[in-house]
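Trainee: The structure is given below, and queries will be raised subsequently.
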Amino acid sequence: MDSRIERILMQVEKPARYTGGEVNQIIKNKDNIDLRVAFCFPDTYEIGMSNLGMSILYHTMNSLDYVWCERVFAPWGDMAKAMTDAQIPLYALESGDPISDFDVLAFSIGYEMAYTTVLDMLSMARVPLRSSERKDLTPLVIAGGSACVNAEPIADFIDLAIIGEGEEVNNELLALLKQAKQERWSKERFLRTASDIHGIYVPSLYVPVYGKDGLLDHIEVKDGAVYPVKKRIVQDLDQVDFPVEPVIPTTEIVQDRVSLELFRGCVRGCRFCQAGYIYRPIRMKKSDRLIQQGKELLENTGYQDCTLLSLSTSDYRELMPLLNGLLDYCEPRSIGLSLPSLRADNFSMDIMDRIQRVRKSGLTFAVEGGSQRLRDAINKNVTEEDLLNTCKIAFSGGWNTVKLYYMLGLPTETDEDILGIAQMANAVLHCWRENAKNKNRGVKITISTSCFIPKPFSPFQWEQQITMNEYRRRVSLLKNAITAKNVTYKWHDPETSFIEAVLSRGDRRLADVLEYVWKHGGRLEAWEDYFSYELWMEAFSHFGIDPSFYANREREADEILPWDVIDVGVLKKHLWHERELCYQSTLSPDCRKQCSACGAARLLKKGCVCDS
Amino acid sequence: MRTLQRSFQRAGYPLKYSEGFNPHPLLSVALPMSVGISSDCEILDFKMDEAPSDLELAARSVTNALPEGLVIHEIYYPEVKVTAIKWLKIEGILDFDDGISDELIANLNDVFRQDTIEVMKKTKKGEQLFDCKPHLKELAVQPHSDQKVKMTAVISAQNPTVNPNLLIKAIPDPWRPDFSRFHRIEVYDEEMNIFR
Ligand code: SF4
């Protein structure tokens, strides 16, 4: 290790974040490889190492013998400062080499609040920030992850974005880059050629033209590039490479456990949920394969916990066989099994009974809306009856903590809906009194609210976000309505949600704002420790940009949206139709009852059926 | 700790878990190290569900499951409690970026030859003046390279614990190194017999 790094490690918190050397890290001989990739995660080691996508793509990229892909995370403030003071550039964990010499800097961006960290990492790596300032073919700066479905705010900084799932397209891109490097292509030639690969978006080939009213007038497509850019998916999840020997952190991370991904996509179609739409079509992994991978992972890692990942675990078709198979292995070894994202409506006694034998955690329900009418409007198909039934089973089974999550500011929400949240909390409390096995232990009911953020590619992409003052008014309305002492109310501050709302539906005019915020110290802003609302407002006013134009403005049906350049599968007209149903408080059937032809199935190969 | 526990698990030698509401593996490090110290000799105390029939094989298998650089030298049934550990032999490399001189070496040796070596030490009751001298045996300083000095010492491992960095703190400003790193060599009992 560089002795300068060794010295500063003694001064910082959690130095294990910065040393590498974990079991199963991939080390290659750099003399034998053609491309070096720095896989950059714009958040801390603990968050990044918990990210399943990163773990998968680290392995798929390293499966190419001519590529060495290494990990890079954003240093915490103390380390970032120590590195700057000691003039140490950002380095990759495996080799300790500065990443400015790498061929590719690949960012995985899961949320908009990470944008300034991307800039910070580029700067720490001593790479020019804007794509236009990087004239050479390498280092190539690319980005992927769910935030990239609308990559416009960071479009000027990246050379290209991966739209959709990266397992296959990343490697196609790397193969092309290898060729381009050998044949000494110009960067322009490479980018134009790469844009023909399905799932690759090269922002410089699409120039937004704004009208006098500030709205997008049209998108100019250059050099005959494809329009729109279609999302890439993996057709068969069982066929694709899945790492059963992941890197095992030596320090504690957020998800210190084995994660198994059950399926991608979601059958439900909650209208506020971007993930429910952008990951479609629905494709599942077979339970026997999952059981096999789960066992191998547990054996290879020594983890004592296993968690099942998906947007809605209860909707996994082979849930029972999967649970049986995993529990047969886990129970005798005291390995805990957790099932997040269970739905209240079909949370069966059986499932709860089975997982309870291993470890008991609190119950968490995302109820989202306070009244049945509102839940119908957002297509969140949970009834109060379902919820209370589930609670009844849980309370009589000895559980005594319940967390209920809601959003305030959903389209069509009224004060009555908000008061409904307090009523539901009371009903849950009443249910506990009636059914609790052991009342001496007491009950803890937590209500949590956050401010709704309209997201691209959801039926609410045209909606306005309520103002921060309106959110605060609704919070105090609810606060005053909650009186029972066993019920705690926690609410998220609206400032972060407001900035996130600006960025998630932002366009390229926000690039200057991002750079300003970064320049003035903005980084790791998903962390309260670092987020500064004032700094963002200062940046907006510096460039004469009105953030409410992005956050609080309702869009017209025919407005050209900055992310129209991307085709995620689900059609715009389907989203609009869903939005109209919202205003009629009408539910849509879930995909299991009836396919609503959302458009996502177009991404499947001929002959394949969605959700089969 | 997690690293160690998972390595036992991976190697197929699961550790015994404590009973109770929040079970944890029964594994402890006799002399926990502060970050940045390396070692040739650490004693782990642990319980297993089943006694391995071949202890040598078990040591090899767990080593294979450990991150590179960590080696289990020997697994054995304890006869003496780890509380009997008293002395610890350490070696330190002290960096002097502006180079070293005979005068520096002499000065350093003088510092440690004084009758008292007092430094402020953080305790549960706050900062207190602490004399390292009674808890120190054999301390020698010698040149290591143009910019490095090697220091060897035997210090009290527990009751009280003397962190080697305290010795650095005791060096007056003009001779204090720019950086130092320590390495543990061996552990001993009260009578300076090697502890096993
Ligand atoms: S194509 Fe049909 S089944 Fe598939 S996600 Fe869309 S609506 Fe659901």
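Each chain of the structure tokens is named A, B, ... in the order shown, its residues numbered from 1; ligands are numbered from 1 in display order.
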Which residues are near ligand 1 in this structure, taking near to mean any atom at most 8 Å from a ligand atom and counting only C-alpha atoms and all ligand atoms? Format them as number ranges by chain.

Mentor: A: 265-269, 277, 280-282, 570, 590-592, 594-602, 609-611

Trainee: Only residues of chain B matter here; which ones have an atom within 7 Å of chain A, counting only C-alpha atoms? Give them as a PyMOL selection string.

Mentor: chain B and resi 3+6-7+9-10+36+66-67+179

Trainee: Would you kindly return, as a PyMOL selection string, each protein, DNA or RNA residue with an atom no farther than 8 Å from any atom of Ala11 (chain B), considering only C-alpha atoms and excluding same-chain residues fewer than 2 positions away?

Mentor: chain B and resi 7-9+13-14+61-62+64-65

Trainee: Just the number, please: distance in Å from CA of Leu119 (chain A) to CA of Leu514 (chain A), one decimal.

Mentor: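 Between CA of Leu119 (chain A) and CA of Leu514 (chain A) the gap is 8.2 Å.
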
Trainee: Using DSSP assignments from the backbone, pull out every residue in region 27-86 of chain A that falls under alpha helix (DSSP H) and give it to me as a PyMOL selection string.

Mentor: chain A and resi 45-48+52-62+77-85

Trainee: For the residues in that selection, give me N, CA and C atoms as an mmCIF file, in the first residue's frame.

Mentor:
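Just written: out_18.cif:
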```cif
data_model
loop_
_atom_site.group_PDB
_atom_site.id
_atom_site.type_symbol
_atom_site.label_atom_id
_atom_site.label_comp_id
_atom_site.auth_asym_id
_atom_site.auth_seq_id
_atom_site.Cartn_x
_atom_site.Cartn_y
_atom_site.Cartn_z
ATOM 1 N N TYR A 45 -18.811 2.886 1.232
ATOM 2 C CA TYR A 45 -18.479 1.465 1.100
ATOM 3 C C TYR A 45 -19.626 0.595 1.609
ATOM 4 N N GLU A 46 -20.151 0.945 2.773
ATOM 5 C CA GLU A 46 -21.186 0.117 3.397
ATOM 6 C C GLU A 46 -22.438 0.032 2.536
ATOM 7 N N ILE A 47 -22.798 1.144 1.900
ATOM 8 C CA ILE A 47 -23.986 1.151 1.049
ATOM 9 C C ILE A 47 -23.681 0.401 -0.257
ATOM 10 N N GLY A 48 -22.552 0.726 -0.832
ATOM 11 C CA GLY A 48 -22.214 0.136 -2.125
ATOM 12 C C GLY A 48 -22.025 -1.369 -2.055
ATOM 13 N N LEU A 52 -26.794 -5.301 -4.539
ATOM 14 C CA LEU A 52 -26.719 -6.567 -5.275
ATOM 15 C C LEU A 52 -26.299 -6.332 -6.729
ATOM 16 N N GLY A 53 -26.831 -5.267 -7.325
ATOM 17 C CA GLY A 53 -26.490 -4.964 -8.719
ATOM 18 C C GLY A 53 -24.992 -4.804 -8.896
ATOM 19 N N MET A 54 -24.375 -4.125 -7.957
ATOM 20 C CA MET A 54 -22.940 -3.907 -8.055
ATOM 21 C C MET A 54 -22.193 -5.229 -7.955
ATOM 22 N N SER A 55 -22.637 -6.068 -7.033
ATOM 23 C CA SER A 55 -21.997 -7.359 -6.861
ATOM 24 C C SER A 55 -22.110 -8.198 -8.131
ATOM 25 N N ILE A 56 -23.282 -8.178 -8.765
ATOM 26 C CA ILE A 56 -23.484 -8.963 -9.989
ATOM 27 C C ILE A 56 -22.586 -8.439 -11.106
ATOM 28 N N LEU A 57 -22.616 -7.117 -11.319
ATOM 29 C CA LEU A 57 -21.892 -6.565 -12.467
ATOM 30 C C LEU A 57 -20.371 -6.612 -12.272
ATOM 31 N N TYR A 58 -19.923 -6.554 -11.029
ATOM 32 C CA TYR A 58 -18.489 -6.724 -10.737
ATOM 33 C C TYR A 58 -18.045 -8.080 -11.276
ATOM 34 N N HIS A 59 -18.868 -9.081 -11.072
ATOM 35 C CA HIS A 59 -18.496 -10.411 -11.529
ATOM 36 C C HIS A 59 -18.676 -10.594 -13.025
ATOM 37 N N THR A 60 -19.763 -10.065 -13.601
ATOM 38 C CA THR A 60 -19.938 -10.263 -15.040
ATOM 39 C C THR A 60 -18.820 -9.542 -15.809
ATOM 40 N N MET A 61 -18.460 -8.339 -15.364
ATOM 41 C CA MET A 61 -17.399 -7.633 -16.101
ATOM 42 C C MET A 61 -16.054 -8.344 -15.933
ATOM 43 N N ASN A 62 -15.804 -8.847 -14.721
ATOM 44 C CA ASN A 62 -14.538 -9.542 -14.503
ATOM 45 C C ASN A 62 -14.496 -10.918 -15.169
ATOM 46 N N GLY A 77 -16.398 12.049 4.546
ATOM 47 C CA GLY A 77 -15.801 13.384 4.605
ATOM 48 C C GLY A 77 -14.396 13.438 5.180
ATOM 49 N N ASP A 78 -14.156 12.688 6.267
ATOM 50 C CA ASP A 78 -12.828 12.757 6.895
ATOM 51 C C ASP A 78 -11.749 12.217 5.960
ATOM 52 N N MET A 79 -12.068 11.112 5.296
ATOM 53 C CA MET A 79 -11.097 10.517 4.375
ATOM 54 C C MET A 79 -10.922 11.398 3.132
ATOM 55 N N ALA A 80 -12.034 11.932 2.637
ATOM 56 C CA ALA A 80 -11.940 12.785 1.445
ATOM 57 C C ALA A 80 -11.014 13.961 1.740
ATOM 58 N N LYS A 81 -11.165 14.527 2.919
ATOM 59 C CA LYS A 81 -10.340 15.677 3.270
ATOM 60 C C LYS A 81 -8.868 15.251 3.425
ATOM 61 N N ALA A 82 -8.665 14.138 4.122
ATOM 62 C CA ALA A 82 -7.295 13.665 4.319
ATOM 63 C C ALA A 82 -6.628 13.368 2.976
ATOM 64 N N MET A 83 -7.404 12.794 2.045
ATOM 65 C CA MET A 83 -6.821 12.495 0.733
ATOM 66 C C MET A 83 -6.479 13.778 -0.019
ATOM 67 N N THR A 84 -7.377 14.752 0.052
ATOM 68 C CA THR A 84 -7.103 16.015 -0.622
ATOM 69 C C THR A 84 -5.871 16.680 -0.010
ATOM 70 N N ASP A 85 -5.828 16.719 1.320
ATOM 71 C CA ASP A 85 -4.680 17.350 1.987
ATOM 72 C C ASP A 85 -3.365 16.670 1.604
#
```

Trainee: Need the shell around Leu57 (chain B): protein/DNA/RNA residues with any atom at most 10 Å away, counting only C-alpha atoms. Skip same-chain ones fewer than 6 positions apart. Format as an mmCIF file with N, CA, C and O atoms, in the first residue's frame?

Mentor:
```
data_model
loop_
_atom_site.group_PDB
_atom_site.id
_atom_site.type_symbol
_atom_site.label_atom_id
_atom_site.label_comp_id
_atom_site.auth_asym_id
_atom_site.auth_seq_id
_atom_site.Cartn_x
_atom_site.Cartn_y
_atom_site.Cartn_z
ATOM 1 N N THR B 63 -7.735 -21.259 7.960
ATOM 2 C CA THR B 63 -6.788 -20.334 7.324
ATOM 3 C C THR B 63 -7.156 -20.116 5.862
ATOM 4 O O THR B 63 -7.155 -18.999 5.371
ATOM 5 N N GLU B 74 -2.126 -22.521 15.077
ATOM 6 C CA GLU B 74 -2.363 -23.709 15.882
ATOM 7 C C GLU B 74 -3.716 -23.583 16.582
ATOM 8 O O GLU B 74 -4.110 -22.493 16.989
ATOM 9 N N ILE B 75 -4.421 -24.711 16.656
ATOM 10 C CA ILE B 75 -5.625 -24.745 17.478
ATOM 11 C C ILE B 75 -5.356 -25.732 18.602
ATOM 12 O O ILE B 75 -4.850 -26.832 18.358
#
```

Trainee: Per residue of region 52-97 of chain B within 12 Å of region 136-143 of chain B, which atom pair is closest and at what distance in Å (one decimal), using only C-alpha atoms, listed by chain and increasing number, as a tab-separated table?

Mentor:
```
residue	atom	partner	partner_atom	distance
B:Lys86	CA	B:Leu136	CA	11.1
B:Trp87	CA	B:Lys137	CA	8.7
B:Leu88	CA	B:Leu136	CA	9.6
B:Lys89	CA	B:Lys137	CA	9.2
B:Ile90	CA	B:Leu139	CA	9.7
B:Glu91	CA	B:Ala140	CA	9.7
B:Gly92	CA	B:Val141	CA	9.3
B:Ile93	CA	B:Pro143	CA	9.7
B:Leu94	CA	B:Pro143	CA	9.6
B:Asp95	CA	B:Pro143	CA	10.7
B:Phe96	CA	B:Pro143	CA	10.9
```

Trainee: From a DSSP calculation on the backbone, collect every residue of region 62-133 of chain B in strand (DSSP E or B) and output the set as a compact mmCIF listing (two decimals) with C-alpha atoms, in the first residue's frame.

Mentor:
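Written out: out34.txt:
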```txt
# COMPACT_ATOMS: atom_id res chain seq x y z
CA ILE B 85 -1.17 -12.90 29.62
CA LYS B 86 0.92 -10.07 31.00
CA TRP B 87 3.67 -8.94 28.64
CA LEU B 88 3.71 -8.21 24.97
CA LYS B 89 6.74 -7.85 22.76
CA ILE B 90 6.33 -5.25 20.04
CA GLU B 91 8.36 -3.78 17.26
CA GLY B 92 7.75 -0.32 15.85
CA ILE B 93 8.96 1.42 12.74
CA LEU B 94 9.11 5.17 13.21
CA ASP B 95 9.22 7.42 10.13
CA GLU B 118 4.55 10.35 31.79
CA VAL B 119 1.81 10.91 29.23
CA MET B 120 -1.87 11.80 29.29
CA LYS B 121 -3.93 8.67 28.89
CA LYS B 122 -7.64 8.48 28.15
CA THR B 123 -9.45 6.48 30.79
CA GLY B 126 -11.31 11.17 31.41
CA GLU B 127 -7.70 12.10 30.66
CA GLN B 128 -5.20 11.22 33.38
CA LEU B 129 -1.48 11.44 33.77
CA PHE B 130 -0.02 7.97 33.33
CA ASP B 131 3.49 6.74 33.94
```

Trainee: Could you pull the residues within 12 Å of Glu534 (chain A), counting only C-alpha atoms, minus those fewer than 4 positions along the same chain, as a short mmCIF file (atom, residue, chain, number, x, y, z; two decimals) with N, CA and C atoms, in the first residue's frame?

Mentor:
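Once written, selection-v6.cif looks like this:
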```cif
data_model
loop_
_atom_site.label_atom_id
_atom_site.label_comp_id
_atom_site.auth_asym_id
_atom_site.auth_seq_id
_atom_site.Cartn_x
_atom_site.Cartn_y
_atom_site.Cartn_z
N GLU A 495 -37.37 18.99 2.61
CA GLU A 495 -36.35 19.65 1.78
C GLU A 495 -35.67 18.67 0.82
N THR A 496 -35.25 17.52 1.35
CA THR A 496 -34.58 16.56 0.46
C THR A 496 -35.53 16.10 -0.63
N ILE A 499 -35.71 18.67 -3.43
CA ILE A 499 -34.55 18.65 -4.33
C ILE A 499 -34.57 17.39 -5.18
N VAL A 517 -23.22 23.22 -6.81
CA VAL A 517 -23.41 22.61 -5.49
C VAL A 517 -22.17 21.79 -5.13
N HIS A 520 -19.20 23.92 -4.15
CA HIS A 520 -19.31 24.53 -2.83
C HIS A 520 -19.46 23.50 -1.73
N GLY A 522 -20.91 20.32 -1.84
CA GLY A 522 -22.00 19.33 -1.83
C GLY A 522 -21.53 17.96 -2.30
N TYR A 530 -24.61 15.74 5.40
CA TYR A 530 -24.01 16.57 4.36
C TYR A 530 -25.02 17.40 3.57
N GLU A 538 -29.20 28.39 -3.23
CA GLU A 538 -28.22 29.37 -3.68
C GLU A 538 -27.82 29.09 -5.13
N ALA A 539 -27.63 27.81 -5.42
CA ALA A 539 -27.23 27.43 -6.78
C ALA A 539 -28.33 27.75 -7.78
N PHE A 540 -29.57 27.44 -7.43
CA PHE A 540 -30.67 27.74 -8.35
C PHE A 540 -30.73 29.23 -8.65
N SER A 541 -30.62 30.02 -7.59
CA SER A 541 -30.77 31.46 -7.83
C SER A 541 -29.56 32.01 -8.58
#
```

Trainee: When you count only C-alpha atoms, which of these residues is closest to Thr152 (chain B): B:Ile185, B:Ile72, B:Met48, B:Val80?

Mentor: B:Ile185

Trainee: Just the residues within 10 Å of His24 (chain B), please, counting only C-alpha atoms, with nothing from its chain fewer than 5 positions along; format it as a compact mmCIF listing (two decimals) with N, CA, C and O atoms, in the first residue's frame.

Mentor:
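Saved result, selection26.txt, follows:
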```
# COMPACT_ATOMS: atom_id res chain seq x y z
N GLN B 5 -15.54 -15.06 12.45
CA GLN B 5 -16.67 -15.98 12.65
C GLN B 5 -17.10 -16.60 11.32
O GLN B 5 -17.33 -17.80 11.21
N LEU B 15 -18.99 -22.09 14.81
CA LEU B 15 -18.73 -21.78 16.21
C LEU B 15 -20.00 -22.01 17.01
O LEU B 15 -21.10 -21.98 16.48
N LYS B 16 -19.83 -22.20 18.29
CA LYS B 16 -20.97 -22.33 19.18
C LYS B 16 -21.54 -20.93 19.42
O LYS B 16 -20.81 -19.96 19.52
N TYR B 17 -22.87 -20.88 19.51
CA TYR B 17 -23.54 -19.61 19.74
C TYR B 17 -23.99 -19.51 21.18
O TYR B 17 -24.32 -20.52 21.81
N SER B 18 -24.03 -18.27 21.67
CA SER B 18 -24.55 -18.06 23.02
C SER B 18 -26.06 -18.30 23.01
O SER B 18 -26.71 -18.18 21.98
N GLU B 19 -26.59 -18.64 24.15
CA GLU B 19 -28.03 -18.82 24.28
C GLU B 19 -28.65 -17.44 24.44
O GLU B 19 -27.96 -16.46 24.64
```

Trainee: Identify, on the basis of only C-alpha atoms, every residue whose closest approach to Pro547 (chain A) does not exceed 10 Å; exclude the query and any residue fewer than 3 positions from it along the same chain; express the result as a compact mmCIF listing (two decimals) with C-alpha atoms, in the first residue's frame.

Mentor:
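As a result, out00.txt now contains:
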```txt
# COMPACT_ATOMS: atom_id res chain seq x y z
CA PHE A 498 -38.09 18.75 -2.95
CA ILE A 499 -34.55 18.65 -4.33
CA ALA A 501 -38.22 16.02 -7.15
CA VAL A 502 -36.31 18.70 -9.06
CA LEU A 503 -33.53 16.32 -10.06
CA GLY A 506 -34.77 17.52 -14.37
CA LEU A 510 -29.46 21.55 -14.18
CA TRP A 536 -29.09 24.11 -3.49
CA MET A 537 -31.29 27.20 -3.32
CA PHE A 540 -30.67 27.74 -8.35
CA SER A 541 -30.77 31.46 -7.83
CA GLY A 544 -31.75 32.04 -12.42
CA TYR A 550 -39.36 21.13 -12.10
CA ALA A 551 -40.93 20.10 -8.80
CA ASN A 552 -44.27 21.83 -8.43
CA ARG A 553 -45.49 22.21 -12.00
```

Trainee: CA of Trp491 (chain A) to CA of Tyr115 (chain A): how many Å, to one decimal?

Mentor: 24.6 Å

Trainee: Using only C-alpha atoms, find the one residue out of A:Glu580, A:Asp564, A:Glu554, A:Glu525 that sits nearest to Asp120 (chain A).

Mentor: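 Of A:Glu580, A:Asp564, A:Glu554, A:Glu525, the one nearest Asp120 (chain A) is A:Glu525, counting only C-alpha atoms.
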